[in-house]
Structures are given as structure tokens and as C-alpha cells.
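What's in query.txt: compact mmCIF, C-alpha atoms
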# COMPACT_ATOMS: atom_id res chain seq x y z
CA MET C 1 -28.39 -87.17 -24.16
CA GLY C 2 -31.81 -88.39 -23.17
CA SER C 3 -35.54 -88.04 -23.62
CA GLY C 4 -35.31 -84.27 -23.91
CA GLY C 5 -33.09 -84.49 -26.98
CA TRP C 6 -30.56 -81.88 -28.08
CA SER C 7 -31.78 -79.22 -25.66
CA ARG C 8 -31.36 -81.63 -22.79
CA ARG C 9 -27.77 -82.46 -23.81
CA ARG C 10 -26.95 -78.76 -23.65
CA PHE C 11 -28.75 -78.42 -20.32
CA VAL C 12 -26.81 -81.26 -18.73
CA GLY C 13 -23.58 -79.76 -20.01
CA ALA C 14 -24.51 -76.42 -18.47
CA LEU C 15 -25.16 -78.04 -15.12
CA ALA C 16 -21.45 -78.67 -14.84
CA GLY C 17 -20.87 -74.94 -14.56
CA GLY C 18 -21.59 -75.18 -10.84
CA ALA C 19 -18.98 -77.86 -10.29
CA ALA C 20 -15.88 -76.93 -8.34
CA ALA C 21 -13.29 -77.92 -10.94
CA ALA C 22 -9.71 -76.69 -10.91
CA ALA C 23 -8.47 -75.70 -14.34
CA LEU C 24 -5.29 -77.12 -15.79
CA PRO C 25 -2.67 -74.44 -16.36
CA ALA C 26 -2.66 -73.02 -19.88
CA CYS C 27 0.75 -74.26 -20.90
CA ASP C 28 1.08 -74.80 -24.62
CA ASP C 29 4.86 -74.87 -24.26
CA ALA C 30 4.93 -77.97 -22.04
CA PRO C 31 6.89 -80.76 -23.73
CA ALA C 32 4.74 -83.11 -25.76
CA PRO C 33 4.83 -86.72 -24.57
CA THR C 34 6.16 -89.14 -27.15
CA PRO C 35 3.28 -91.17 -28.62
CA PRO C 36 3.73 -94.86 -27.79
CA THR C 37 3.76 -97.53 -30.39
CA ALA C 38 0.52 -99.39 -30.98
CA PRO C 39 -0.22 -102.10 -28.42
CA GLU C 40 0.14 -105.73 -29.39
CA ALA C 41 -2.97 -107.28 -30.86
CA SER C 42 -2.76 -110.46 -28.81
CA VAL C 43 -3.54 -110.68 -25.11
CA SER C 44 -0.71 -112.32 -23.22
CA PRO C 45 -0.84 -113.80 -19.70
CA SER C 46 2.28 -111.76 -18.97
CA ARG C 47 0.50 -108.46 -19.69
CA GLU C 48 0.77 -107.42 -16.04
CA ALA C 49 4.51 -108.09 -16.01
CA ARG C 50 4.90 -106.01 -19.20
CA ARG C 51 3.09 -103.01 -17.76
CA PRO C 52 5.21 -99.99 -18.77
CA SER C 53 6.72 -97.63 -16.25
CA GLY C 54 7.05 -93.87 -16.41
CA PRO C 55 4.63 -91.19 -17.61
CA ARG C 56 2.15 -91.99 -20.36
CA PRO C 57 0.04 -89.46 -22.32
CA LEU C 58 -3.53 -88.72 -21.19
CA TYR C 59 -5.85 -86.39 -23.11
CA LEU C 60 -8.95 -84.86 -21.53
CA GLY C 61 -12.13 -83.68 -23.24
CA THR C 62 -14.35 -80.91 -21.90
CA TYR C 63 -16.95 -78.29 -22.79
CA THR C 64 -15.38 -74.89 -23.39
CA SER C 65 -18.72 -73.11 -23.89
CA VAL C 66 -20.18 -73.62 -20.39
CA GLU C 67 -19.52 -71.85 -17.13
CA GLY C 68 -16.65 -73.55 -15.33
CA GLY C 69 -15.64 -75.43 -18.44
CA GLY C 70 -12.17 -75.98 -19.80
CA LYS C 71 -10.17 -73.71 -22.11
CA GLY C 72 -9.43 -76.42 -24.65
CA LEU C 73 -8.04 -79.94 -24.86
CA GLY C 74 -6.61 -81.02 -21.50
CA LEU C 75 -3.06 -82.38 -21.53
CA ALA C 76 -1.80 -84.72 -18.82
CA THR C 77 0.28 -87.80 -18.13
CA TYR C 78 -0.35 -90.82 -15.93
CA ASP C 79 1.84 -93.35 -14.20
CA ALA C 80 0.98 -96.78 -15.60
CA ALA C 81 1.96 -98.49 -12.34
CA THR C 82 0.14 -96.25 -9.83
CA GLY C 83 -2.48 -94.51 -11.96
CA ARG C 84 -1.40 -91.10 -10.68
CA ILE C 85 -2.31 -88.26 -13.09
CA SER C 86 -0.23 -85.11 -13.55
CA GLY C 87 -1.49 -82.13 -15.53
CA THR C 88 0.85 -80.70 -18.18
CA GLY C 89 -1.25 -77.94 -19.73
CA THR C 90 -4.05 -77.12 -22.14
CA LEU C 91 -4.16 -77.01 -25.93
CA THR C 92 -6.34 -74.00 -26.70
CA GLY C 93 -8.11 -73.41 -29.98
CA VAL C 94 -10.21 -76.60 -29.87
CA GLY C 95 -13.82 -75.76 -28.98
CA ASN C 96 -16.00 -78.19 -27.00
CA PRO C 97 -13.73 -81.24 -27.50
CA SER C 98 -16.20 -83.55 -25.77
CA TYR C 99 -15.01 -86.82 -27.32
CA LEU C 100 -11.56 -87.89 -28.50
CA ALA C 101 -10.08 -90.65 -30.67
CA ILE C 102 -6.58 -91.64 -31.74
CA HIS C 103 -5.28 -92.63 -35.18
CA PRO C 104 -4.03 -96.25 -35.36
CA ASP C 105 -0.44 -95.01 -35.80
CA ARG C 106 -0.79 -92.96 -32.56
CA HIS C 107 0.50 -89.81 -34.29
CA THR C 108 -2.75 -87.83 -34.63
CA LEU C 109 -5.58 -87.08 -32.20
CA TYR C 110 -9.11 -86.27 -33.32
CA ALA C 111 -11.74 -84.34 -31.36
CA VAL C 112 -15.37 -83.54 -31.99
CA ASN C 113 -16.40 -79.91 -31.65
CA GLU C 114 -19.78 -80.42 -30.01
CA ARG C 115 -21.69 -77.31 -31.03
CA ASP C 116 -24.63 -76.36 -33.25
CA ASP C 117 -22.34 -76.05 -36.28
CA GLY C 118 -20.60 -79.35 -35.62
CA ALA C 119 -17.02 -80.01 -36.64
CA VAL C 120 -14.12 -82.40 -36.12
CA THR C 121 -10.53 -81.30 -35.48
CA ALA C 122 -7.20 -83.06 -36.05
CA VAL C 123 -4.17 -82.48 -33.79
CA ARG C 124 -0.64 -83.73 -34.54
CA LEU C 125 0.73 -85.09 -31.28
CA SER C 126 4.47 -84.70 -31.90
CA ASP C 127 4.27 -80.90 -31.69
CA ARG C 128 0.59 -80.43 -30.77
CA LYS C 129 -0.11 -78.61 -34.00
CA ILE C 130 -3.79 -78.22 -34.89
CA LEU C 131 -4.06 -79.55 -38.44
CA GLY C 132 -7.46 -77.99 -39.06
CA SER C 133 -11.18 -78.64 -38.64
CA ARG C 134 -13.91 -79.84 -40.96
CA SER C 135 -17.68 -79.48 -40.74
CA THR C 136 -19.62 -82.62 -39.85
CA GLY C 137 -22.69 -81.31 -41.63
CA GLY C 138 -24.79 -81.58 -38.50
CA ALA C 139 -25.36 -80.35 -34.96
CA GLY C 140 -23.74 -81.52 -31.76
CA PRO C 141 -21.27 -84.24 -32.83
CA CYS C 142 -20.66 -86.32 -29.70
CA HIS C 143 -18.64 -89.34 -30.89
CA LEU C 144 -16.01 -90.16 -33.48
CA SER C 145 -13.78 -93.08 -34.48
CA VAL C 146 -11.06 -93.86 -36.97
CA HIS C 147 -11.43 -96.69 -39.49
CA PRO C 148 -8.82 -99.42 -38.79
CA GLY C 149 -7.11 -98.67 -42.09
CA GLY C 150 -6.39 -95.15 -40.85
CA ARG C 151 -7.75 -93.39 -43.95
CA TRP C 152 -11.25 -92.42 -42.78
CA LEU C 153 -12.86 -90.70 -39.81
CA PHE C 154 -16.48 -91.30 -38.77
CA SER C 155 -18.48 -88.93 -36.55
CA ALA C 156 -21.98 -89.02 -35.04
CA ASN C 157 -24.08 -85.84 -34.97
CA TYR C 158 -26.35 -86.13 -31.94
CA GLY C 159 -28.40 -83.00 -32.58
CA SER C 160 -29.35 -83.83 -36.17
CA GLY C 161 -29.18 -87.64 -36.01
CA SER C 162 -26.63 -88.14 -38.76
CA VAL C 163 -23.31 -89.87 -39.42
CA ALA C 164 -20.47 -88.15 -41.32
CA VAL C 165 -17.39 -89.51 -43.12
CA HIS C 166 -14.14 -87.59 -43.66
CA PRO C 167 -10.97 -88.71 -45.45
CA ILE C 168 -7.66 -88.67 -43.56
CA ASP C 169 -4.59 -87.66 -45.55
CA ALA C 170 -0.99 -88.83 -45.13
CA SER C 171 -0.27 -86.08 -42.59
CA GLY C 172 -3.23 -87.09 -40.41
CA GLY C 173 -5.22 -84.05 -41.50
CA LEU C 174 -8.86 -84.19 -42.58
CA GLY C 175 -10.34 -83.66 -46.04
CA GLU C 176 -13.80 -82.50 -46.99
CA ARG C 177 -16.70 -84.72 -45.99
CA THR C 178 -17.43 -87.55 -48.44
CA ASP C 179 -20.75 -88.71 -46.98
CA LEU C 180 -23.50 -87.70 -44.58
CA VAL C 181 -26.27 -90.15 -43.70
CA ARG C 182 -29.27 -89.02 -41.63
CA HIS C 183 -31.30 -91.57 -39.68
CA SER C 184 -34.67 -90.75 -41.24
CA ARG C 185 -36.30 -94.05 -40.31
CA PRO C 186 -37.71 -95.58 -38.20
CA ALA C 187 -39.73 -92.86 -36.50
CA PRO C 188 -38.37 -91.45 -33.24
CA GLY C 189 -39.11 -93.40 -30.07
CA PRO C 190 -41.33 -92.30 -27.16
CA GLY C 191 -40.41 -88.85 -25.90
CA GLN C 192 -37.97 -88.19 -28.76
CA GLU C 193 -38.47 -85.40 -31.30
CA GLY C 194 -36.01 -86.83 -33.83
CA PRO C 195 -33.01 -89.08 -34.41
CA HIS C 196 -29.96 -88.68 -32.14
CA ALA C 197 -26.88 -90.51 -33.40
CA HIS C 198 -24.71 -91.21 -30.36
CA GLN C 199 -21.94 -93.51 -31.59
CA VAL C 200 -20.35 -94.70 -34.84
CA PHE C 201 -17.51 -97.18 -35.25
CA THR C 202 -16.16 -100.06 -37.34
CA SER C 203 -17.07 -103.63 -36.39
CA PRO C 204 -14.18 -105.75 -35.04
CA ASP C 205 -14.02 -107.82 -38.22
CA GLY C 206 -13.68 -104.63 -40.25
CA GLY C 207 -16.57 -105.56 -42.51
CA HIS C 208 -19.17 -103.02 -41.43
CA VAL C 209 -19.75 -99.68 -39.75
CA LEU C 210 -22.25 -99.55 -36.88
CA ALA C 211 -24.14 -96.50 -35.63
CA VAL C 212 -26.17 -96.32 -32.42
CA ASP C 213 -29.09 -93.87 -32.40
CA LEU C 214 -30.77 -92.95 -29.12
CA GLY C 215 -33.66 -91.11 -30.78
CA THR C 216 -34.83 -93.94 -33.05
CA ASP C 217 -34.01 -96.81 -30.64
CA THR C 218 -31.97 -98.42 -33.40
CA VAL C 219 -28.52 -99.80 -34.17
CA TYR C 220 -27.76 -99.27 -37.87
CA THR C 221 -25.34 -101.39 -39.90
CA TYR C 222 -23.61 -99.95 -42.95
CA ARG C 223 -21.38 -101.37 -45.64
CA PHE C 224 -18.47 -98.98 -46.20
CA ASP C 225 -16.88 -98.23 -49.57
CA GLU C 226 -13.24 -97.57 -48.67
CA LYS C 227 -12.47 -96.07 -52.07
CA ALA C 228 -15.33 -93.58 -52.24
CA GLY C 229 -15.81 -93.04 -48.51
CA ARG C 230 -19.53 -93.75 -48.64
CA LEU C 231 -21.94 -95.68 -46.41
CA THR C 232 -24.75 -97.97 -47.56
CA GLU C 233 -27.27 -99.20 -45.00
CA VAL C 234 -27.64 -102.99 -44.89
CA ALA C 235 -29.49 -103.69 -41.61
CA GLN C 236 -31.31 -102.21 -38.63
CA ALA C 237 -31.63 -103.63 -35.11
CA ARG C 238 -34.41 -102.20 -32.94
CA THR C 239 -34.35 -102.04 -29.17
CA ARG C 240 -37.59 -101.96 -27.25
CA PRO C 241 -39.37 -98.59 -27.64
CA GLY C 242 -38.00 -95.92 -25.34
CA ALA C 243 -34.80 -97.76 -24.43
CA GLY C 244 -32.62 -94.96 -25.75
CA PRO C 245 -29.51 -96.93 -26.85
CA ARG C 246 -26.33 -94.91 -26.36
CA HIS C 247 -23.18 -97.03 -26.59
CA LEU C 248 -22.22 -100.46 -27.95
CA THR C 249 -19.00 -102.28 -26.99
CA PHE C 250 -17.80 -105.57 -28.46
CA HIS C 251 -16.42 -108.59 -26.66
CA PRO C 252 -12.88 -109.45 -27.90
CA GLY C 253 -14.31 -112.54 -29.61
CA GLY C 254 -16.17 -110.27 -32.04
CA ARG C 255 -19.49 -112.16 -32.05
CA TYR C 256 -21.20 -110.44 -29.10
CA ALA C 257 -21.52 -106.85 -27.95
CA TYR C 258 -23.03 -105.04 -24.98
CA LEU C 259 -25.48 -102.18 -25.37
CA ALA C 260 -26.01 -99.42 -22.80
CA ASN C 261 -29.59 -98.07 -22.94
CA GLU C 262 -29.53 -94.56 -21.51
CA VAL C 263 -33.21 -93.71 -21.21
CA ASP C 264 -34.66 -96.84 -19.57
CA ASN C 265 -31.54 -97.67 -17.50
CA THR C 266 -30.96 -101.15 -18.91
CA VAL C 267 -28.30 -103.07 -20.82
CA ALA C 268 -28.57 -105.80 -23.43
CA VAL C 269 -26.34 -108.49 -24.89
CA CYS C 270 -26.30 -108.30 -28.70
CA ALA C 271 -25.28 -110.98 -31.18
CA TYR C 272 -23.39 -109.92 -34.30
CA ASP C 273 -23.20 -111.79 -37.61
CA PRO C 274 -20.01 -110.79 -39.48
CA ALA C 275 -21.30 -112.09 -42.80
CA SER C 276 -24.41 -109.90 -42.95
CA GLY C 277 -23.51 -107.27 -40.38
CA ARG C 278 -26.82 -107.90 -38.66
CA VAL C 279 -27.08 -107.14 -34.94
CA THR C 280 -29.64 -108.96 -32.79
CA VAL C 281 -30.55 -107.17 -29.56
CA GLY C 282 -31.20 -109.40 -26.56
CA GLU C 283 -33.54 -108.91 -23.63
CA PRO C 284 -33.02 -105.92 -21.31
CA GLN C 285 -30.99 -106.58 -18.17
CA SER C 286 -30.47 -104.68 -14.94
CA THR C 287 -27.69 -102.17 -14.35
CA GLY C 288 -27.84 -102.91 -10.63
CA THR C 289 -28.40 -99.25 -9.78
CA GLY C 290 -31.71 -99.62 -7.94
CA PRO C 291 -34.81 -97.39 -8.13
CA GLY C 292 -33.12 -93.96 -8.35
CA THR C 293 -32.74 -92.01 -11.59
CA SER C 294 -29.61 -93.05 -13.45
CA TYR C 295 -28.41 -92.96 -17.04
CA PRO C 296 -26.01 -95.67 -18.27
CA ALA C 297 -23.23 -94.06 -20.25
CA GLN C 298 -20.67 -96.52 -21.57
CA PHE C 299 -19.49 -100.13 -21.45
CA LEU C 300 -15.92 -101.38 -21.27
CA VAL C 301 -14.75 -104.98 -21.67
CA THR C 302 -11.42 -106.20 -20.28
CA PRO C 303 -8.84 -107.33 -22.86
CA ASN C 304 -9.16 -110.95 -21.69
CA GLY C 305 -12.94 -110.80 -22.21
CA ARG C 306 -13.77 -111.96 -18.68
CA HIS C 307 -15.40 -108.84 -17.27
CA ALA C 308 -17.37 -105.78 -18.37
CA PHE C 309 -17.86 -102.44 -16.66
CA LEU C 310 -20.69 -99.93 -17.08
CA ALA C 311 -20.62 -96.25 -16.08
CA ASN C 312 -23.81 -95.05 -14.41
CA ARG C 313 -24.59 -91.32 -14.28
CA GLY C 314 -26.93 -90.46 -11.43
CA ASP C 315 -26.09 -93.52 -9.36
CA ASN C 316 -22.45 -92.44 -9.81
CA SER C 317 -21.20 -96.00 -9.91
CA LEU C 318 -19.51 -98.61 -12.06
CA THR C 319 -21.42 -101.83 -12.54
CA ARG C 320 -19.27 -104.95 -12.72
CA TYR C 321 -20.37 -107.89 -14.84
CA ALA C 322 -18.81 -111.30 -15.31
CA VAL C 323 -18.79 -112.31 -18.97
CA GLU C 324 -19.89 -115.90 -19.53
CA ALA C 325 -20.43 -118.35 -22.41
CA ASP C 326 -17.67 -116.85 -24.58
CA GLY C 327 -19.37 -113.46 -24.49
CA ALA C 328 -22.99 -114.53 -24.86
CA ARG C 329 -24.01 -113.73 -21.25
CA LEU C 330 -23.49 -111.01 -18.69
CA LYS C 331 -23.74 -111.84 -14.99
CA LEU C 332 -24.32 -108.86 -12.70
CA LEU C 333 -21.76 -108.88 -9.88
CA ASP C 334 -22.08 -105.55 -8.04
CA THR C 335 -21.71 -101.79 -8.31
CA VAL C 336 -18.69 -99.80 -7.16
CA PRO C 337 -18.84 -96.07 -6.27
CA VAL C 338 -17.06 -94.10 -8.99
CA GLY C 339 -15.78 -91.43 -6.60
CA GLY C 340 -17.17 -88.55 -8.68
CA ASP C 341 -20.39 -87.03 -9.98
CA PHE C 342 -21.91 -88.03 -13.34
CA PRO C 343 -19.36 -90.40 -14.97
CA ARG C 344 -19.87 -89.42 -18.61
CA GLN C 345 -17.19 -91.68 -20.12
CA ILE C 346 -14.80 -94.44 -19.06
CA ALA C 347 -11.66 -95.83 -20.71
CA LEU C 348 -9.08 -98.53 -20.10
CA SER C 349 -5.35 -98.05 -20.40
CA PRO C 350 -3.86 -99.95 -23.39
CA GLU C 351 -2.84 -102.85 -21.13
CA GLY C 352 -6.26 -102.96 -19.47
CA THR C 353 -4.75 -102.54 -16.00
CA LEU C 354 -6.22 -99.09 -15.25
CA LEU C 355 -9.73 -97.69 -15.66
CA PHE C 356 -10.29 -93.94 -16.04
CA ALA C 357 -13.67 -92.31 -15.34
CA ALA C 358 -14.41 -88.76 -16.55
CA ASN C 359 -16.91 -87.26 -14.09
CA GLN C 360 -18.69 -84.35 -15.74
CA LYS C 361 -20.43 -82.59 -12.85
CA SER C 362 -17.66 -82.93 -10.26
CA GLY C 363 -14.99 -81.97 -12.80
CA THR C 364 -12.74 -84.87 -11.88
CA VAL C 365 -11.11 -87.96 -13.34
CA THR C 366 -10.97 -91.00 -11.06
CA VAL C 367 -8.67 -93.95 -11.68
CA PHE C 368 -9.06 -97.59 -10.70
CA SER C 369 -6.67 -100.51 -10.82
CA VAL C 370 -8.26 -103.48 -12.58
CA ASP C 371 -7.55 -107.04 -11.46
CA GLY C 372 -7.37 -109.05 -14.66
CA ALA C 373 -8.42 -112.32 -13.03
CA SER C 374 -11.29 -111.23 -10.77
CA GLY C 375 -12.36 -107.96 -12.36
CA ALA C 376 -12.03 -106.25 -8.98
CA LEU C 377 -11.70 -102.45 -9.04
CA ARG C 378 -9.52 -100.60 -6.55
CA ARG C 379 -9.24 -96.83 -6.38
CA ALA C 380 -5.80 -95.61 -7.46
CA GLY C 381 -4.96 -92.32 -5.78
CA GLU C 382 -7.02 -89.17 -5.43
CA PRO C 383 -9.39 -87.77 -8.10
CA PHE C 384 -7.65 -85.51 -10.60
CA PRO C 385 -9.34 -82.10 -11.11
CA SER C 386 -10.26 -81.43 -14.74
CA PRO C 387 -12.89 -78.82 -15.72
CA VAL C 388 -16.18 -80.42 -16.84
CA ALA C 389 -14.46 -83.73 -17.50
CA VAL C 390 -16.41 -85.54 -20.23
CA CYS C 391 -13.71 -87.71 -21.84
CA ALA C 392 -10.41 -89.28 -20.80
CA LEU C 393 -8.17 -90.88 -23.43
CA PRO C 394 -5.14 -92.74 -22.00
CA LEU C 395 -2.44 -93.83 -24.45

How would this structure read if it were set down as C-alpha cells?
Amino acid sequence: MGSGGWSRRRFVGALAGGAAAAALPACDDAPAPTPPTAPEASVSPSREARRPSGPRPLYLGTYTSVEGGGKGLGLATYDAATGRISGTGTLTGVGNPSYLAIHPDRHTLYAVNERDDGAVTAVRLSDRKILGSRSTGGAGPCHLSVHPGGRWLFSANYGSGSVAVHPIDASGGLGERTDLVRHSRPAPGPGQEGPHAHQVFTSPDGGHVLAVDLGTDTVYTYRFDEKAGRLTEVAQARTRPGAGPRHLTFHPGGRYAYLANEVDNTVAVCAYDPASGRVTVGEPQSTGTGPGTSYPAQFLVTPNGRHAFLANRGDNSLTRYAVEADGARLKLLDTVPVGGDFPRQIALSPEGTLLFAANQKSGTVTVFSVDGASGALRRAGEPFPSPVAVCALPL
């Protein structure tokens, strides 16, 4: 979470207990929304005209172990035209589902169980059946992602600074862990007592797996053996000491990515070489949040690659950047109030026309309409109450 390490992550989560958050009704019998087909890979100028109508699935992550937290995985729908969210119930039996990911076929949802004995859980969406959980081999998993081939799940253990690999079977369920890699070097950065893996995902070209570690100020690159399910480190990219890198998001072109540095409240443009997997971290840039205490959380890039958005916890804003030089530069435009407290995570709808912000301390999800040409953000409706909202996954 920050310079205080694992204990601080738990402390910040506990702070949300004082938030006035209305719980979703526990309604496991609510009809399951039909998972949509995967979105088209290409970005068409007519994307706005093809925006779907009617309710779309929205899944909400929370902490179940803190005062005022949720009872499980939040279930909701949203209107793709207006952004209006409607709660449909709660899937109980999933502890601390603080981060969520979807299988490429859209049939299975995966959640981390962010606790000392970390685990990952698979949920079949057609009938909301929990397919089981597997240990991540570490403490406090806070991020997970599915390999593009759909056969492997990666998770990042924040508390123990390690990355785990699990196989995915034909049903979408998870097998026993095939690999666990701890970030034992370099030494932790200033104020850090150890490594803190915060993100793990596959590069856009599919050739490497990248892991961002806040504790060691490093982005790790791994080669992945898809037959054995094992990771081999091939490169390291260091940020400046004490930056505390948290989240890396690629430009659609695949050669540049944008890094949110949580501890020193900066961002950086990174170059990526698909051949070697090497990441080169650029100079730190401003988040536009001013002198107050603020922790950048996550970047998003619009499908057309023209704009990027950054969630700022503390300043409670979204920074807007114009993307220039085919992804090689970020130009700070302004900051927009997020309409909630402590935006932990942000996500775009599949068409890129709506932006969802999960606000942890206020226990709300705010929605913005995104102008594809200008990158302008406009609030869409009232904030939706969701207990200790730490993740929103629109499908």
C-alpha cells in the first residue's frame, strides 16, 4: 500500500470502517446476467454508435474483514448509455475479494482473497457457482490477471512480495500452484521493510509477464513457459529510490506504458522492447495534485490511445493526460474531482465510453462518461453505494 508496508495496507482498509456505505442486499437468487461476448479487438470510429443498450454486468470488490465492509462479491448491472448502476445482490462465501479479473471467454470471474493466508477464487458466472479457491503461497494478494490464452492465472502477493501461477482447467476452475517467485532482489527501497508485489500481467505482445513491486522500486520482466506454468526472470527496471511503483498500464500501440508511483506521487512513461521484454522507466512527471498528500492508484488509457486517466487517493481526483507522439509522451491537462473518497481503482467499460471509480473510504462507485475525441469526463448520475468499494469490474 505504501511506505508502511503490509501493516499500512491493513490500516488503510480498516479506515473504511467509518465510511457510511449502504450494503447491497444479500440476494444470491437474483438472476445472473448473461456474460457478453468478448469485445472486438479493433477500435472502430463507430464505437459510440455501437454502444450497447440495456443492463450490463458489473462486479464489485470489497473487504469483508473490516468494519462496514461488504459481505462478499458485489453484484450489479449498469446501463451502458447512462452509466446508471443498479444493485442485484451479493455473492457470499468469497472473503476479501479486493481485486477481480475476467477470463477471456467471459464465463469465469476470478477474485483475490486479500488476507494473511492469501488465496484466489474462481466463480462461474452463468450460475454464480464458486468453483473453489487455491492458496497463492503468500500474504495479502492484491492483484491478479489471466494469461491471454486462458489457461493460466497470475497473482501478486503484496504482503510477501511474490508472484504466483495457477493453471486454469476447461471448466474455468483453478489447479494447484505451479510456480511462486519471490522478489528477493534488489534490496527494499527507502522506508520499505521488504518486497511488495502490487501487479502482475502479460505484456500486450504476449511474450512476457511483467510484475510491479512497490517495495523494491522495480518492474520485473519474466519469460513464461506455457507448458510448465513457470516464470524465468529476464530483466529488471528500477525506478528512482522511494518512488513506490504500483501500477503499469500499456498504450494500445504496445511500445509504451505508464507507471503510477504511489509513494512519491509521480508518474513515468516507460518504453517496452517486445524482443527482450526490457522496460525502460522515464523521468518522473507530475500528477497535478498539488502539495497535499496523495497516492496515485491506477492508470487507464482510452481505447483510441489519445488520453490517459490517473486515480489519485487523497486528492480524490482523476488526472487527465493527453497522449502524444504515438504513446511516447504524456501531457498533463487537468484534474477532475472524482466525487468520492479514496479512489482505489478505476476501470473503463469495454467500449471505453464509461469510467468507473471505486472509492474505498466513501463506500461508493462514481461513473463518468468519456468523450472519445477530447478525453473530457462528465459525471453520469449519482454515486452508487457499495461497502468499502475497492474494485469495479464492468463487462

So that I can check the surroundings of Gly137 (chain C), please list as a VMD selection string every protein, DNA and RNA residue that reaches within 9 Å of it, counting only C-alpha atoms and ignoring chain neighbours fewer than 3 positions away. chain C and resid 117 to 119 134 157 160 162 to 164 177 180

Between CA of Ser369 (chain C) and CA of Ala328 (chain C) lies a distance of 25.7 Å

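Between CA of Ser145 (chain C) and CA of Val112 (chain C) lies a distance of 10.0 Å.
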
Can you list, as a PyMOL selection string, every protein, DNA or RNA residue that comes within 12 Å of Asp264 (chain C) when you count all atoms listed in the file, leaving out same-chain residues fewer than 5 positions away? chain C and resi 2-3+189-191+214+217+239-246+284-287+289+291-297

Could the residues in this selection be saved with C-alpha atoms as a CSV table (one decimal), keeping the file's coordinate frame?
chain,number,residue,atom,x,y,z
C,2,GLY,CA,-31.8,-88.4,-23.2
C,3,SER,CA,-35.5,-88.0,-23.6
C,189,GLY,CA,-39.1,-93.4,-30.1
C,190,PRO,CA,-41.3,-92.3,-27.2
C,191,GLY,CA,-40.4,-88.8,-25.9
C,214,LEU,CA,-30.8,-93.0,-29.1
C,217,ASP,CA,-34.0,-96.8,-30.6
C,239,THR,CA,-34.4,-102.0,-29.2
C,240,ARG,CA,-37.6,-102.0,-27.2
C,241,PRO,CA,-39.4,-98.6,-27.6
C,242,GLY,CA,-38.0,-95.9,-25.3
C,243,ALA,CA,-34.8,-97.8,-24.4
C,244,GLY,CA,-32.6,-95.0,-25.8
C,245,PRO,CA,-29.5,-96.9,-26.8
C,246,ARG,CA,-26.3,-94.9,-26.4
C,284,PRO,CA,-33.0,-105.9,-21.3
C,285,GLN,CA,-31.0,-106.6,-18.2
C,286,SER,CA,-30.5,-104.7,-14.9
C,287,THR,CA,-27.7,-102.2,-14.4
C,289,THR,CA,-28.4,-99.2,-9.8
C,291,PRO,CA,-34.8,-97.4,-8.1
C,292,GLY,CA,-33.1,-94.0,-8.4
C,293,THR,CA,-32.7,-92.0,-11.6
C,294,SER,CA,-29.6,-93.0,-13.4
C,295,TYR,CA,-28.4,-93.0,-17.0
C,296,PRO,CA,-26.0,-95.7,-18.3
C,297,ALA,CA,-23.2,-94.1,-20.2

Identify, on the basis of all atoms listed in the file, every residue whose closest approach to Val336 (chain C) does not exceed 10 Å; exclude the query and any residue fewer than 3 positions from it along the same chain; express the result as a PyMOL selection string. chain C and resi 309+311+315-320+333+339+376-379

Spatial neighbours of region 323-327 of chain C, 7 Å, only C-alpha atoms, chain gap at least 5 places, as a PyMOL selection string: chain C and resi 251+256+305-308

I need the residues from that last selection saved to file as a PDB file, in the frame of the given file (with C-alpha atoms), if you can.
ATOM      1  CA  HIS C 251     -16.420-108.590 -26.660  1.00  0.00           C
ATOM      2  CA  TYR C 256     -21.200-110.440 -29.100  1.00  0.00           C
ATOM      3  CA  GLY C 305     -12.940-110.800 -22.210  1.00  0.00           C
ATOM      4  CA  ARG C 306     -13.770-111.960 -18.680  1.00  0.00           C
ATOM      5  CA  HIS C 307     -15.400-108.840 -17.270  1.00  0.00           C
ATOM      6  CA  ALA C 308     -17.370-105.780 -18.370  1.00  0.00           C
TER       7      ALA C 308
END

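Among the candidates C:Ala275, C:Ala101, C:Leu330, C:Val269, the residue lying nearest to Arg223 (chain C) is C:Ala275 (atoms considered: all atoms listed in the file).
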
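Ranking C:Ile85, C:Val123, C:Leu100, C:Leu248 by their shortest atom-to-atom distance to Ala271 (chain C), with all atoms listed in the file included, puts C:Leu248 first.
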
Spatial neighbours of Leu73 (chain C), max dist 9 Å, all atoms listed in the file, sep filter under 5 positions, as a list in words: Tyr59, Leu60, Gly61, Thr62, Gly89, Thr90, Leu91, Thr92, Gly93, Val94, Gly95, Asn96, Pro97, Ser98 and Ala111 of chain C

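CA of Trp152 (chain C) is positioned 10.3 Å from CA of Phe224 (chain C).
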